[in-house]
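Enquirer: I am sharing work25.txt, which consists of compact mmCIF, C-alpha atoms and all ligand atoms:
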# COMPACT_ATOMS: atom_id res chain seq x y z
CA MET A 1 -81.83 93.72 -23.17
CA ILE A 2 -81.51 96.58 -20.68
CA LYS A 3 -83.99 99.35 -21.49
CA VAL A 4 -82.47 102.85 -21.52
CA ILE A 5 -84.30 106.17 -21.12
CA ILE A 6 -82.29 109.05 -22.61
CA ALA A 7 -82.71 112.41 -20.85
CA GLY A 8 -82.02 115.54 -22.90
CA ALA A 9 -82.06 113.43 -26.06
CA ALA A 10 -81.67 116.38 -28.43
CA GLY A 11 -78.58 117.74 -26.66
CA ARG A 12 -74.94 117.40 -27.76
CA MET A 13 -74.39 114.47 -25.39
CA GLY A 14 -77.95 113.10 -25.66
CA GLN A 15 -77.48 112.43 -29.38
CA ARG A 16 -74.14 110.66 -28.87
CA ILE A 17 -75.67 108.62 -26.04
CA ALA A 18 -78.39 107.49 -28.48
CA HIS A 19 -75.66 106.33 -30.87
CA MET A 20 -73.69 104.46 -28.17
CA VAL A 21 -76.81 102.79 -26.74
CA ASN A 22 -77.81 101.76 -30.26
CA ILE A 23 -74.52 99.90 -30.85
CA HIS A 24 -74.21 98.43 -27.32
CA PRO A 25 -74.92 94.67 -27.29
CA GLN A 26 -76.78 94.75 -23.93
CA LEU A 27 -78.69 98.04 -24.26
CA THR A 28 -81.69 99.26 -26.21
CA ILE A 29 -83.29 102.72 -26.50
CA ALA A 30 -86.65 102.36 -24.74
CA ALA A 31 -87.54 106.05 -24.49
CA ALA A 32 -86.17 109.56 -24.88
CA PHE A 33 -87.36 112.85 -23.50
CA GLU A 34 -86.62 116.55 -23.60
CA ALA A 35 -87.56 119.68 -21.67
CA GLU A 36 -91.15 120.91 -22.12
CA GLY A 37 -91.29 123.18 -25.17
CA ASN A 38 -88.13 121.82 -26.80
CA PRO A 39 -88.62 121.78 -30.61
CA ALA A 40 -87.36 118.18 -30.79
CA ILE A 41 -90.41 116.85 -28.90
CA GLY A 42 -92.38 114.50 -31.15
CA ARG A 43 -89.37 113.81 -33.39
CA ASP A 44 -88.06 110.29 -33.89
CA VAL A 45 -84.83 109.96 -31.87
CA GLY A 46 -83.35 107.61 -34.46
CA GLU A 47 -83.93 110.13 -37.23
CA LEU A 48 -82.38 112.89 -35.09
CA ALA A 49 -79.32 111.03 -33.84
CA LEU A 50 -78.83 107.78 -35.76
CA GLY A 51 -79.53 108.72 -39.37
CA GLN A 52 -82.66 106.55 -39.60
CA LYS A 53 -85.96 106.24 -37.73
CA ASN A 54 -86.15 103.78 -34.83
CA GLY A 55 -89.76 104.43 -33.80
CA VAL A 56 -88.88 106.07 -30.46
CA LEU A 57 -90.40 109.55 -30.29
CA ILE A 58 -88.94 112.25 -28.02
CA GLU A 59 -91.46 112.92 -25.26
CA PRO A 60 -91.94 115.89 -22.90
CA GLY A 61 -90.58 115.15 -19.42
CA LEU A 62 -89.49 112.07 -17.50
CA GLU A 63 -92.87 111.27 -15.91
CA SER A 64 -94.34 110.28 -19.28
CA VAL A 65 -91.61 107.65 -19.91
CA ILE A 66 -90.27 106.52 -16.52
CA ASP A 67 -92.19 103.21 -16.59
CA LYS A 68 -90.65 102.22 -19.95
CA GLY A 69 -87.03 101.77 -18.81
CA ASP A 70 -84.53 100.13 -16.46
CA VAL A 71 -82.01 102.99 -16.40
CA ILE A 72 -81.98 106.72 -17.16
CA ILE A 73 -78.87 108.25 -18.74
CA ASP A 74 -78.78 111.94 -17.90
CA PHE A 75 -76.58 114.65 -19.42
CA THR A 76 -78.77 117.74 -19.04
CA PHE A 77 -78.64 120.59 -16.51
CA HIS A 78 -78.11 120.37 -12.76
CA ALA A 79 -81.55 121.59 -11.64
CA ALA A 80 -83.29 119.24 -14.08
CA THR A 81 -81.07 116.34 -13.00
CA MET A 82 -82.15 116.70 -9.38
CA GLY A 83 -85.82 116.55 -10.42
CA PHE A 84 -85.14 113.34 -12.37
CA ALA A 85 -83.25 111.82 -9.41
CA ARG A 86 -86.27 112.44 -7.15
CA ILE A 87 -88.50 110.58 -9.61
CA ALA A 88 -85.93 107.76 -10.08
CA ALA A 89 -85.75 107.35 -6.29
CA LYS A 90 -89.55 107.05 -6.02
CA LYS A 91 -89.70 104.48 -8.83
CA ASN A 92 -86.43 102.66 -7.96
CA VAL A 93 -85.11 103.13 -11.52
CA ALA A 94 -81.31 103.20 -11.95
CA MET A 95 -79.69 106.43 -13.12
CA VAL A 96 -76.36 107.38 -14.71
CA ILE A 97 -75.64 111.06 -14.11
CA GLY A 98 -73.05 112.84 -16.25
CA THR A 99 -74.45 116.33 -15.75
CA THR A 100 -71.97 118.71 -14.08
CA GLY A 101 -72.56 121.85 -12.05
CA LEU A 102 -74.20 119.94 -9.18
CA THR A 103 -73.82 121.97 -5.98
CA GLU A 104 -72.70 120.61 -2.60
CA GLU A 105 -76.39 120.68 -1.58
CA ASN A 106 -77.39 118.78 -4.73
CA LEU A 107 -74.75 116.11 -4.02
CA ALA A 108 -75.89 115.76 -0.40
CA GLU A 109 -79.51 115.36 -1.52
CA LEU A 110 -78.44 112.85 -4.19
CA ALA A 111 -76.60 110.74 -1.59
CA GLU A 112 -79.82 110.65 0.48
CA LEU A 113 -82.04 109.86 -2.54
CA ALA A 114 -79.67 107.08 -3.67
CA LYS A 115 -80.70 105.01 -0.67
CA ASN A 116 -83.71 104.26 -2.89
CA PHE A 117 -82.07 103.66 -6.29
CA PRO A 118 -78.68 102.73 -7.77
CA CYS A 119 -76.85 105.70 -9.30
CA VAL A 120 -73.52 106.31 -11.05
CA GLN A 121 -72.56 109.97 -10.82
CA ALA A 122 -69.31 111.23 -12.35
CA PRO A 123 -68.19 114.55 -13.84
CA ASN A 124 -66.31 112.70 -16.56
CA MET A 125 -67.12 109.25 -17.96
CA SER A 126 -64.00 108.92 -20.10
CA VAL A 127 -61.65 106.05 -19.22
CA CYS A 128 -58.56 108.22 -19.81
CA VAL A 129 -59.83 111.05 -17.61
CA ASN A 130 -60.49 108.57 -14.80
CA VAL A 131 -56.90 107.35 -15.18
CA LEU A 132 -55.81 111.03 -15.09
CA PHE A 133 -57.74 111.43 -11.81
CA LYS A 134 -55.63 108.64 -10.31
CA LEU A 135 -52.35 110.04 -11.72
CA VAL A 136 -53.03 113.54 -10.41
CA LYS A 137 -53.64 112.44 -6.83
CA LYS A 138 -50.54 110.22 -6.86
CA THR A 139 -48.35 112.88 -8.51
CA ALA A 140 -49.44 115.49 -5.97
CA ALA A 141 -48.66 113.10 -3.11
CA ILE A 142 -45.23 112.23 -4.53
CA LEU A 143 -44.15 115.82 -5.30
CA GLY A 144 -45.62 117.32 -2.14
CA ASP A 145 -45.60 120.90 -0.94
CA ASP A 146 -42.64 122.20 -2.98
CA PHE A 147 -44.63 122.07 -6.21
CA ASP A 148 -47.27 124.64 -7.21
CA ILE A 149 -50.42 123.03 -8.61
CA GLU A 150 -52.43 124.83 -11.31
CA ILE A 151 -55.29 123.47 -13.44
CA VAL A 152 -56.39 124.86 -16.81
CA GLU A 153 -59.55 123.67 -18.58
CA ALA A 154 -60.84 124.58 -22.04
CA HIS A 155 -64.31 123.88 -23.45
CA HIS A 156 -66.70 125.00 -26.21
CA ASN A 157 -68.50 128.33 -26.03
CA LYS A 158 -71.91 126.72 -25.33
CA LYS A 159 -70.87 125.25 -21.98
CA LYS A 160 -72.92 126.69 -19.11
CA ASP A 161 -70.92 125.79 -15.96
CA ALA A 162 -67.43 126.89 -14.97
CA PRO A 163 -65.03 125.60 -14.00
CA SER A 164 -65.80 122.23 -15.52
CA GLY A 165 -66.87 119.40 -13.23
CA THR A 166 -63.70 117.57 -14.28
CA ALA A 167 -61.44 120.49 -13.32
CA LEU A 168 -63.10 120.65 -9.91
CA LYS A 169 -62.58 116.91 -9.42
CA LEU A 170 -58.93 117.23 -10.50
CA GLY A 171 -58.55 120.05 -7.97
CA GLU A 172 -60.14 117.99 -5.19
CA LEU A 173 -57.90 115.00 -5.91
CA ALA A 174 -54.72 117.11 -6.18
CA ALA A 175 -55.62 118.76 -2.86
CA GLU A 176 -56.24 115.34 -1.24
CA GLY A 177 -52.82 114.23 -2.50
CA VAL A 178 -51.17 116.98 -0.42
CA ASN A 179 -53.59 116.61 2.52
CA ARG A 180 -55.54 119.78 1.82
CA LYS A 181 -59.11 120.60 0.84
CA LEU A 182 -59.94 122.36 -2.42
CA ALA A 183 -62.62 124.38 -0.60
CA GLU A 184 -59.81 125.93 1.50
CA VAL A 185 -57.00 126.30 -1.07
CA GLY A 186 -58.81 126.68 -4.42
CA VAL A 187 -58.33 129.99 -6.29
CA PHE A 188 -60.81 130.50 -9.12
CA GLU A 189 -60.10 134.08 -10.16
CA ARG A 190 -57.01 136.30 -10.36
CA ASN A 191 -57.30 139.94 -11.37
CA GLY A 192 -55.51 143.13 -10.34
CA ILE A 193 -52.80 143.55 -7.70
CA ILE A 194 -53.39 140.28 -5.95
CA GLY A 195 -49.94 139.84 -4.43
CA GLU A 196 -47.65 136.85 -4.68
CA ARG A 197 -49.02 133.38 -5.07
CA LYS A 198 -49.63 131.83 -1.65
CA ALA A 199 -47.92 128.54 -0.91
CA GLY A 200 -50.34 125.65 -1.17
CA GLU A 201 -53.02 127.33 -3.24
CA ILE A 202 -54.46 125.47 -6.23
CA GLY A 203 -55.47 127.69 -9.14
CA ILE A 204 -58.21 126.70 -11.57
CA SER A 205 -58.49 128.67 -14.84
CA THR A 206 -61.18 128.46 -17.50
CA ILE A 207 -61.10 128.94 -21.27
CA ARG A 208 -64.34 128.98 -23.34
CA ALA A 209 -63.81 129.03 -27.11
CA ALA A 210 -65.52 127.83 -30.29
CA ASP A 211 -65.97 124.06 -30.56
CA ILE A 212 -63.30 122.75 -28.14
CA VAL A 213 -64.72 119.42 -26.89
CA GLY A 214 -62.86 119.38 -23.58
CA GLU A 215 -59.24 119.77 -22.45
CA HIS A 216 -57.70 119.61 -18.98
CA THR A 217 -54.09 120.21 -17.93
CA VAL A 218 -52.73 119.92 -14.42
CA TYR A 219 -49.39 121.69 -13.83
CA PHE A 220 -47.04 120.57 -11.08
CA ALA A 221 -44.38 123.30 -11.14
CA GLY A 222 -41.32 123.10 -8.92
CA PRO A 223 -37.96 124.85 -8.81
CA GLY A 224 -36.44 124.62 -12.28
CA GLU A 225 -38.82 122.01 -13.74
CA ARG A 226 -42.47 121.01 -14.12
CA ILE A 227 -44.79 118.17 -15.07
CA GLU A 228 -47.94 118.84 -17.12
CA LEU A 229 -50.58 116.11 -17.17
CA THR A 230 -53.04 116.71 -20.02
CA HIS A 231 -56.17 115.05 -21.36
CA ARG A 232 -57.69 116.17 -24.67
CA ALA A 233 -61.05 114.88 -25.87
CA HIS A 234 -61.20 114.39 -29.64
CA SER A 235 -64.97 113.83 -29.64
CA ARG A 236 -67.87 113.27 -27.22
CA ASP A 237 -68.07 109.57 -28.03
CA HIS A 238 -65.76 108.37 -25.26
CA PHE A 239 -67.95 110.20 -22.68
CA ALA A 240 -71.02 108.51 -24.17
CA LYS A 241 -69.25 105.12 -24.28
CA GLY A 242 -68.38 105.49 -20.59
CA ALA A 243 -72.01 106.31 -19.81
CA THR A 244 -73.31 103.21 -21.61
CA THR A 245 -70.67 101.03 -19.89
CA ALA A 246 -71.88 102.50 -16.58
CA ALA A 247 -75.56 101.85 -17.45
CA ALA A 248 -74.93 98.17 -18.30
CA TRP A 249 -72.84 97.76 -15.11
CA LEU A 250 -75.37 99.53 -12.85
CA VAL A 251 -78.67 97.78 -13.50
CA GLY A 252 -79.28 95.17 -10.79
CA ARG A 253 -76.72 96.65 -8.33
CA PRO A 254 -77.73 97.54 -4.77
CA ASN A 255 -79.04 101.07 -4.19
CA GLY A 256 -76.37 103.73 -3.55
CA ILE A 257 -74.00 106.15 -5.26
CA TYR A 258 -71.22 104.76 -7.43
CA THR A 259 -68.49 106.50 -9.43
CA MET A 260 -66.64 105.60 -12.64
CA PHE A 261 -63.86 104.23 -10.41
CA ASP A 262 -66.37 101.55 -9.32
CA VAL A 263 -67.53 100.94 -12.91
CA LEU A 264 -63.97 100.69 -14.28
CA GLY A 265 -62.51 98.76 -11.31
CA LEU A 266 -60.09 101.59 -10.45
CA GLN A 267 -61.21 102.12 -6.84
CA ASP A 268 -58.22 100.38 -5.22
CA LEU A 269 -55.49 101.63 -7.58
N1 LIG A 301 -69.74 113.43 -17.28
C1 LIG A 301 -69.27 113.54 -18.52
O1 LIG A 301 -68.50 112.69 -18.99
C2 LIG A 301 -69.73 114.69 -19.35
C3 LIG A 301 -70.59 115.59 -18.84
N2 LIG A 301 -71.12 116.57 -19.62
C4 LIG A 301 -72.14 117.41 -19.01
O2 LIG A 301 -73.40 117.04 -19.56
C5 LIG A 301 -74.28 118.17 -19.52
C6 LIG A 301 -74.91 118.39 -20.89
O3 LIG A 301 -73.92 118.77 -21.81
P1 LIG A 301 -74.30 119.01 -23.35
O4 LIG A 301 -74.90 117.78 -23.93
O5 LIG A 301 -73.10 119.61 -23.98
O6 LIG A 301 -75.43 120.13 -23.19
P2 LIG A 301 -76.64 120.46 -24.19
O7 LIG A 301 -77.15 121.80 -23.76
O8 LIG A 301 -76.24 120.25 -25.61
O9 LIG A 301 -77.72 119.33 -23.85
C7 LIG A 301 -78.50 119.32 -22.69
C8 LIG A 301 -79.89 118.88 -23.10
O10 LIG A 301 -80.66 118.71 -21.92
C9 LIG A 301 -81.94 119.20 -22.18
N3 LIG A 301 -82.64 119.55 -20.95
C10 LIG A 301 -82.43 120.60 -20.13
N4 LIG A 301 -83.36 120.63 -19.14
C11 LIG A 301 -84.15 119.54 -19.34
C12 LIG A 301 -85.29 119.01 -18.68
N5 LIG A 301 -85.82 119.62 -17.60
N6 LIG A 301 -85.86 117.88 -19.16
C13 LIG A 301 -85.36 117.26 -20.24
N7 LIG A 301 -84.29 117.73 -20.93
C14 LIG A 301 -83.69 118.84 -20.48
C15 LIG A 301 -81.71 120.43 -23.07
O11 LIG A 301 -82.88 120.82 -23.77
C16 LIG A 301 -80.60 119.93 -23.97
O12 LIG A 301 -81.10 119.33 -25.14
C17 LIG A 301 -73.44 119.34 -18.99
O13 LIG A 301 -73.64 119.46 -17.60
C18 LIG A 301 -72.01 118.87 -19.27
O14 LIG A 301 -71.06 119.48 -18.44
C19 LIG A 301 -70.79 116.69 -20.94
C20 LIG A 301 -69.91 115.83 -21.50
C21 LIG A 301 -69.29 114.76 -20.74
O1 LIG A 302 -69.75 120.40 -21.02
C1 LIG A 302 -68.94 119.62 -21.59
O2 LIG A 302 -68.83 119.58 -22.81
C2 LIG A 302 -68.13 118.74 -20.75
N1 LIG A 302 -68.35 118.74 -19.47
C3 LIG A 302 -67.75 117.91 -18.49
C4 LIG A 302 -67.17 118.73 -17.36
O3 LIG A 302 -67.75 119.78 -17.00
O4 LIG A 302 -66.16 118.33 -16.78
C5 LIG A 302 -66.84 116.87 -19.05
C6 LIG A 302 -66.22 117.15 -20.39
O5 LIG A 302 -65.01 117.81 -20.23
C7 LIG A 302 -67.13 117.84 -21.37
Can the structure in the file be given as structure tokens, please?
Expert:
Amino acid sequence: MIKVIIAGAAGRMGQRIAHMVNIHPQLTIAAAFEAEGNPAIGRDVGELALGQKNGVLIEPGLESVIDKGDVIIDFTFHAATMGFARIAAKKNVAMVIGTTGLTEENLAELAELAKNFPCVQAPNMSVCVNVLFKLVKKTAAILGDDFDIEIVEAHHNKKKDAPSGTALKLGELAAEGVNRKLAEVGVFERNGIIGERKAGEIGISTIRAADIVGEHTVYFAGPGERIELTHRAHSRDHFAKGATTAAAWLVGRPNGIYTMFDVLGLQDL
């Protein structure tokens, strides 16, 4: 069995990861940890997330558990994630990173660190969202410059980063489809007398409300008609399922950064 270390085990995703690891035929929960001072430290992760004790207690910090596992699954917070990646690189332990909000600098450092460990990093581990990524780039390329591209994302009111990592990825792929760069054409805020929409810009808008799990719509609006490509998450389980699929796929691979396109075999589509 592949031994999994769950980062942020008391979090919304951490608990669903525990469930998905528990039912995966190749994976077992070897350890779980939380941030220093988290009230869940010392609790049995099975009791917290699976409805019955499994004997794995939530420990404080990665250092105390790193030697117990083959792969870390991380859905925490970007600054914490980078600390874990540095430790994983030193110990050559595989890591699946679902945490969003990683900066350009974080991603550059991660690419360097991943020379020393295998790592899957993706802003969205859902199969359907990864299919949406492919559709958006192709649709943008087919429709071209005559169509205005706008992205709207909606999430729960506890989410800390905006726009979502998925919306940013959708924006990057849509921009690539029309040979542009999101960093040059992305518009993240509109307020006041801002003038007419500039040709080629890609707008990204954010909604934060109640318990919305995660919704993304990409508009391709042309003269007299439009296409809307939408993904709606009904629960967090498909993100967690994607993360466990990635963990089982990753262990034993050469060092380096992989995406869910690699895991799902979508790279060449
Ligand atoms: N890639 C994907 O498919 C998905 C990514 N996410 C991302 O996952 C991240 C977590 O989301 P949620 O579970 O909703 O957040 P959450 O706030 O419920 O859980 C995060 C957990 O990480 C823990 N944590 C923070 N710093 C830590 C540290 N230094 N050491 C150990 N634990 C630490 C927190 O105490 C908390 O329990 C976010 O960045 C979110 O955007 C969420 C869903 C899907
Ligand atoms: O924080 C969340 O909940 C989610 N975050 C990811 C993101 O930022 O794209 C993925 C998913 O939509 C849920």
Enquirer: Grab the atom N6 of ligand LIG 301 (chain A) to atom CA of A:Asp67 distance for me, in Å with one decimal place.
Expert: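 Taking atom N6 of ligand LIG 301 (chain A) and atom CA of A:Asp67, their separation equals 16.2 Å.
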Enquirer: For each of A:Lys181, A:Arg43, A:His156, A:His216, take the minimum atom-to-atom distance to ligand LIG 301 (chain A), counting only C-alpha atoms and all ligand atoms, then give the residue where this is smallest.
Expert: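 With only C-alpha atoms and all ligand atoms as the atom set, the closest residue is A:His156.
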Enquirer: Do you know which residues lie at most 9 Å from (-45.4, 117.3, -6.7), with coordinates as in the file and all atoms listed in the file counted, and could you write them as a list in words?
Expert: Lys138, Thr139, Ala140, Ala141, Ile142, Leu143, Gly144, Asp145, Asp146, Phe147, Asp148, Ile149, Val178, Phe220, Ala221, Gly222, Arg226 and Ile227 of chain A
Enquirer: For a test of reading the model, state the distance in Å between atom CA of A:Gly200 and atom CA of A:Asn179, rounded to one decimal.
Expert: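 Going from atom CA of A:Gly200 over to atom CA of A:Asn179 covers 10.3 Å.
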Enquirer: So how far away is atom CA of A:Lys137 from atom CA of A:Ala174, in Å?
Expert: 4.8 Å
Enquirer: Mind listing the residues within 6 Å of ligand LIG 302 (chain A), all atoms listed in the file counted, as an MDAnalysis selection string?
Expert: chainID A and resid 100 123:124 159 164:166 213:214
Enquirer: Counting all atoms listed in the file, name the residues that have an atom within 6 Å of an atom of ligand LIG 301 (chain A); the answer should be given as a list in words.
Expert: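 Counting all atoms listed in the file, the residues within 6 Å of ligand LIG 301 (chain A) come out as Ala7, Gly8, Ala10, Gly11, Arg12, Met13, Gly14, Phe33, Glu34, Ala35, Gly61, Phe75, Thr76, Phe77, Ala80, Gly98, Thr99, Thr100, Ala122, Pro123, Asn124, Met125, Ser126 and Phe239 of chain A.
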Enquirer: Looking at A:Asn191, A:Thr217, A:Asn255, A:Thr206, which one is nearest to A:Ala154, with distances taken over all atoms listed in the file?
Expert: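 The answer is A:Thr206, which sits nearest to A:Ala154.
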Enquirer: When you count all atoms listed in the file, which of these residues is closest to A:Gln121: A:Thr259, A:Ser64, A:Gln267, A:Thr244?
Expert: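 Once distances to A:Gln121 are computed over all atoms listed in the file, the minimum belongs to A:Thr259.
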Enquirer: Taking all atoms listed in the file into account, name the residue in A:Ile87, A:Ala243, A:Ile29, A:Ala9 that is nearest to A:Ile58.
Expert: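 Closest residue, counting all atoms listed in the file: A:Ala9.
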Enquirer: Can you tell me which residues surround A:Leu269 at a distance of at most 9 Å, considering all atoms listed in the file, apart from same-chain residues fewer than 3 positions away, and format the answer as an MDAnalysis selection string?
Expert: chainID A and resid 134 265:266
Enquirer: Which neighbours of A:Phe117 fall inside 9 Å, counting all atoms listed in the file, when residues of the same chain fewer than 3 positions from it are skipped, and could you give them as a list in words?
Expert: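 The contact residues come out as Ala85, Ala88, Ala89, Lys90, Lys91, Asn92, Val93, Ala94, Met95, Leu113, Ala114, Pro254, Asn255, Gly256 and Ile257 of chain A.
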Enquirer: Using C-alpha atoms, can you write the selected residues to a file as a tab-separated table (two decimals), in the coordinates of the input?
Expert:
chain	number	residue	atom	x	y	z
A	85	ALA	CA	-83.25	111.82	-9.41
A	88	ALA	CA	-85.93	107.76	-10.08
A	89	ALA	CA	-85.75	107.35	-6.29
A	90	LYS	CA	-89.55	107.05	-6.02
A	91	LYS	CA	-89.70	104.48	-8.83
A	92	ASN	CA	-86.43	102.66	-7.96
A	93	VAL	CA	-85.11	103.13	-11.52
A	94	ALA	CA	-81.31	103.20	-11.95
A	95	MET	CA	-79.69	106.43	-13.12
A	113	LEU	CA	-82.04	109.86	-2.54
A	114	ALA	CA	-79.67	107.08	-3.67
A	254	PRO	CA	-77.73	97.54	-4.77
A	255	ASN	CA	-79.04	101.07	-4.19
A	256	GLY	CA	-76.37	103.73	-3.55
A	257	ILE	CA	-74.00	106.15	-5.26
Enquirer: Let me make sure I understand: among A:Ala183, A:Leu57, A:Ala199, A:Ala209, which one has the smallest atom-to-atom distance to A:Ala32 if we use only C-alpha atoms?
Expert: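 Selected residue with least distance to A:Ala32: A:Leu57.
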Enquirer: Considering all atoms listed in the file, can you say which of A:Ile41, A:Ile97, A:Val129, A:Val136 comes closest to A:Ala233?
Expert: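 Comparing A:Ile41, A:Ile97, A:Val129, A:Val136 against A:Ala233, the winner is A:Val129.
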Enquirer: Identify, on the basis of all atoms listed in the file, every residue whose closest approach to A:Val71 does not exceed 8 Å; exclude the query and any residue fewer than 6 positions from it along the same chain; express the result as a PyMOL selection string.
Expert: chain A and resi 2-5+93-96+247+251
Enquirer: Compile the contact shell of A:Asp237 as a PyMOL selection string: residues with an atom at most 9 Å away, counting only C-alpha atoms, same-chain residues fewer than 5 positions apart removed.
Expert: chain A and resi 13+16-17+19-20+126+242
Enquirer: Residues within 8 Å of A:Ile202, please, as a PDB file with C-alpha atoms, in the coordinates of the input. Count all atoms listed in the file; anything in the same chain fewer than 5 positions from it doesn't count.
Expert:
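For reference, around-v4.pdb as written:
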ATOM      1  CA  ASP A 148     -47.270 124.640  -7.210  1.00  0.00           C
ATOM      2  CA  ILE A 149     -50.420 123.030  -8.610  1.00  0.00           C
ATOM      3  CA  GLU A 150     -52.430 124.830 -11.310  1.00  0.00           C
ATOM      4  CA  ILE A 151     -55.290 123.470 -13.440  1.00  0.00           C
ATOM      5  CA  GLY A 171     -58.550 120.050  -7.970  1.00  0.00           C
ATOM      6  CA  ALA A 175     -55.620 118.760  -2.860  1.00  0.00           C
ATOM      7  CA  LEU A 182     -59.940 122.360  -2.420  1.00  0.00           C
ATOM      8  CA  VAL A 185     -57.000 126.300  -1.070  1.00  0.00           C
ATOM      9  CA  GLY A 186     -58.810 126.680  -4.420  1.00  0.00           C
ATOM     10  CA  VAL A 187     -58.330 129.990  -6.290  1.00  0.00           C
TER      11      VAL A 187
END
